[in-house]
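Chemist: Got a structure here, written out as structure tokens. Questions coming.
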There are 2 protein chains.
Amino acid sequence: MTDTLQAGPRPRLNRARVLEAAVALADEIGIESLSMRRLAQELGVVPMALYKHVANKEELLDGMVDVIVGEIDPPAADADWKSGVRSRILSARHTLQRHAWARRAIETRTAMTPRVLDYMDSFVGVFLTGGLSLDLTHHAMHALGGRVWGFTQELFEDPAAPAPAVSDADRAEMLRQAAQRYPNVVAIATSVTHDEGSVVGHGCDDQFEFEFALDLLLDGFERLHARGWTSRGAKTQQSNTEAAKTAR
Amino acid sequence: MTDTLQAGPRPRLNRARVLEAAVALADEIGIESLSMRRLAQELGVVPMALYKHVANKEELLDGMVDVIVGEIDPPAADADWKSGVRSRILSARHTLQRHAWARRAIETRTAMTPRVLDYMDSFVGVFLTGGLSLDLTHHAMHALGGRVWGFTQELFEDPAAPAPAVSDADRAEMLRQAAQRYPNVVAIATSVTHDEGSVVGHGCDDQFEFEFALDLLLDGFERLHARGWTSRGAKTQQSNTEAAKTAR
DNA sequence: ACCTGAACACCGTTCAAGT
DNA sequence: ACCTGAACACCGTTCAAGT
């Protein structure tokens with residue numbers, strides 16, 4: 001029972017250890033189950049001990065996001081802004097996918113930490129050094145939204161809970177009934193996976209869907225850039241609700 | 001003290017009254033403060049009384065989303081699919097903006113209610129009757145993501161908490177320091193509002209940013225449709241990570 | 001300087017009862 | 001059929017102590 005090499009009786013807490021443990025715990029049990037008390041227990045410590053190292057739960061979450069941001073690969077020096085942005089986003093996506101809770105955590109942050117601002121700044125820099133105008137870069141960042149972190153703006157959460165086990169026959173019958181009431185939804189849901197013989201949904205290739213939308217946007221930026229588009233022109237030239245149509 | 005016309009002592013609960021009250025309460029105090037207990041109190045009833053009308057809090061949230069979906073204007077019969085989709089989305093956006101909590105609530109739903117499926121089905125129908133392929137429509141819906149509800153995929157929440165009151169001088173100094181460390185972020189943040197003389201951020205025209213990204217995507221769909229694009233072609237023709245580049 | 005213990009004001013939800 | 005009361009197993013966070 002020496003305390004040199006094993007998990008060891010509390011090597012004393014510090015901020016880094018707290019954040020690290022929080023990330024690992026969230027990976028394991030999910031962000032909705034991560035509580036200060038549960039985390040304290042994991043660290044073999046009383047809940048209030050954590051408050052010496054993070055001001056409160058919000059700051060804990062800020063710190064956890066910082067840890068993730070630190071895991072994103074630095075940008076490769078790409079030839080052009082477009083592939084530079086593209087590869088940086090795909091690299092962020094790769095990192096974020098290792099931490100299923102990260103998306104939700106990022107979305108609920110109300111302020112950017114210095115570390116997050118560093119990330120954003122280098123990101124914006126890729127556009128600017130690529131020659132895009134401040135104006136276009138501004139709107140491009142907005143249009144990308146959460147995609148700069150590599151997450152898709154899904155309509156609904158992943159089902160997470162595995163669908164209850166049903167027989168193939170019941171499954172087919174359910175699908176038939178659904179197709180009666182929601183013909184269009186069922187049609188597009190089955191259209192893509194159809195080719196591979198799977199039945200419904202979740203043959204969905206998330207990576208493909210992500211890149212599909214990403215490239216649509218990047219191509220759009222490129223086209224606007226090439227024609228010297230400005231938002232001022234877009235706004236004054238046209239009616240309000242048709243404003244962005246110059247994108248055409 | 002007659003109980004005919006006034007707020008009245010409990011006109012007896014039912015599901016509709018519970019959901020209605022929940023929506024109103026969430027509008028007022030925010031989704032994070034909405035609890036079963038608080039809602040019960042608002043209805044002048046003991047917490048457990050609610051459980052006769054909704055199975056649990058998740059089902060309450062499902063029902064609240066249904067209420068919102070019911071508020072979205074029915075689609076105008078537009079000439080072409082593109083303006084049909086566009087106006088439907090802007091109409092959804094208009095409705096959702098009346099309920100600041102709705103976005104978060106929708107994002108956390110794990111299954112679609114029949115009412116939500118109805119909405120999606122009619123939405124998909126606009127693409128299909130417009131002549132788009134099942135394949136393209138499928139990917140288009142994914143690319144739009146939460147935008148079919150009219151919300152932007154913002155990088156971070158709205159600051160919500162109003163920035164602490166600081167003098168213009170302090171504000172300028174803070175900006176100067178920030179520009180030192182985050183030159184690119186400050187540059188694009190100030191670029192757009194610059195024209196109108198405001199100092200930083202939040203001169204941002206959310207509606208413009210939303211339509212900018214929306215139209216970029218819609219224009220992209222149109223272009224792909226015109227050239228008979230298929231995802232099968234996109235996938236087999238090219239390397240994996242470059243898959244969606246046919247969007248060009 | 002760091003950790004503890006007890007307490008406060010909350011949660012969602014159960015179970016067994018009341019009318 | 002609908003509502004109540006008491007209880008259980010949780011939360012985040014405070015305050016005053018301990019070492």
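Identifiers for the structure tokens are assigned positionally: chains receive A, B, ... in sequence, residues are indexed from 1 per chain, and ligands are indexed from 1 in the order shown.
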As a ChimeraX atom specification, could you give me every residue of chain A near chain D (at most 8 Å apart, counting only C-alpha atoms (C1' of nucleotides))?
Modeler: /A:35-36,57
Chemist: Please save C-alpha atoms of the selected residues as a PDB file, in the first residue's frame.
Modeler:
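After the write, part.pdb holds the following:
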```pdb
ATOM      1  CA  SER A  35     -22.882  17.482 -11.425  1.00  0.00           C
ATOM      2  CA  MET A  36     -20.517  19.186  -9.038  1.00  0.00           C
ATOM      3  CA  LYS A  57     -20.491  25.267 -12.438  1.00  0.00           C
TER       4      LYS A  57
END
```
Chemist: List every residue of chain B that has an atom at most 6 Å from any atom of chain A, and for each one report the closest atom pair and its distance in Å to one decimal, counting only C-alpha atoms, with rows sorted by chain and then by increasing residue number, as a Markdown table.
Modeler:
```
| residue | atom | partner | partner_atom | distance |
| --- | --- | --- | --- | --- |
| B:Glu107 | CA | A:Phe156 | CA | 5.6 |
| B:Thr110 | CA | A:Glu157 | CA | 5.5 |
| B:Asp121 | CA | A:Val185 | CA | 5.2 |
| B:Val124 | CA | A:Asn184 | CA | 5.9 |
| B:Gly125 | CA | A:Asn184 | CA | 5.8 |
| B:Leu134 | CA | A:Ile188 | CA | 5.2 |
| B:His138 | CA | A:Ile188 | CA | 5.2 |
| B:Ala143 | CA | A:Ala213 | CA | 4.8 |
| B:Gly145 | CA | A:Glu154 | CA | 4.7 |
| B:Gly146 | CA | A:Leu155 | CA | 4.9 |
| B:Gln153 | CA | A:Gly145 | CA | 4.9 |
| B:Glu154 | CA | A:Gly145 | CA | 4.7 |
| B:Leu155 | CA | A:Gly146 | CA | 4.9 |
| B:Phe156 | CA | A:Glu107 | CA | 5.5 |
| B:Glu157 | CA | A:Thr110 | CA | 5.5 |
| B:Pro159 | CA | A:Thr110 | CA | 5.5 |
| B:Tyr182 | CA | A:Asp121 | CA | 5.6 |
| B:Asn184 | CA | A:Asp121 | CA | 5.3 |
| B:Val185 | CA | A:Asp121 | CA | 5.2 |
| B:Ile188 | CA | A:Leu134 | CA | 5.2 |
| B:Glu211 | CA | A:Ala244 | CA | 5.8 |
| B:Phe212 | CA | A:Ala244 | CA | 4.9 |
| B:Ala213 | CA | A:Ala143 | CA | 4.8 |
| B:Leu216 | CA | A:Gly220 | CA | 5.9 |
| B:Gly220 | CA | A:Leu216 | CA | 5.9 |
| B:Ala244 | CA | A:Phe212 | CA | 4.8 |
| B:Ala247 | CA | A:Leu216 | CA | 5.9 |
```
Chemist: Would you work out the distance separating CA of Arg15 (chain B) from CA of His53 (chain B), expressed in Å to one decimal?
Modeler: 5.1 Å
Chemist: Could you give me, as a list in words, each residue of region 40-82 of chain B that DSSP assigns to alpha helix (DSSP H) when run on this structure's backbone?
Modeler: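 DSSP on the backbone gives alpha helix (DSSP H) at Ala40, Gln41, Glu42, Lys57, Glu58, Glu59, Leu60, Leu61, Asp62, Gly63, Met64, Val65, Asp66, Val67, Ile68, Val69, Gly70, Glu71, Trp81 and Lys82 of chain B.
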Chemist: Can you work out the spacing between CA of Gly131 (chain B) and CA of Val116 (chain B) in Å, to one decimal?
Modeler: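 Interatomic distance here is 23.5 Å.
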Chemist: Rounded to one decimal in Å, what is the spacing between CA of Gly130 (chain A) and CA of Asp80 (chain A)?
Modeler: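 Value for the CA of Gly130 (chain A)-CA of Asp80 (chain A) distance: 6.4 Å.
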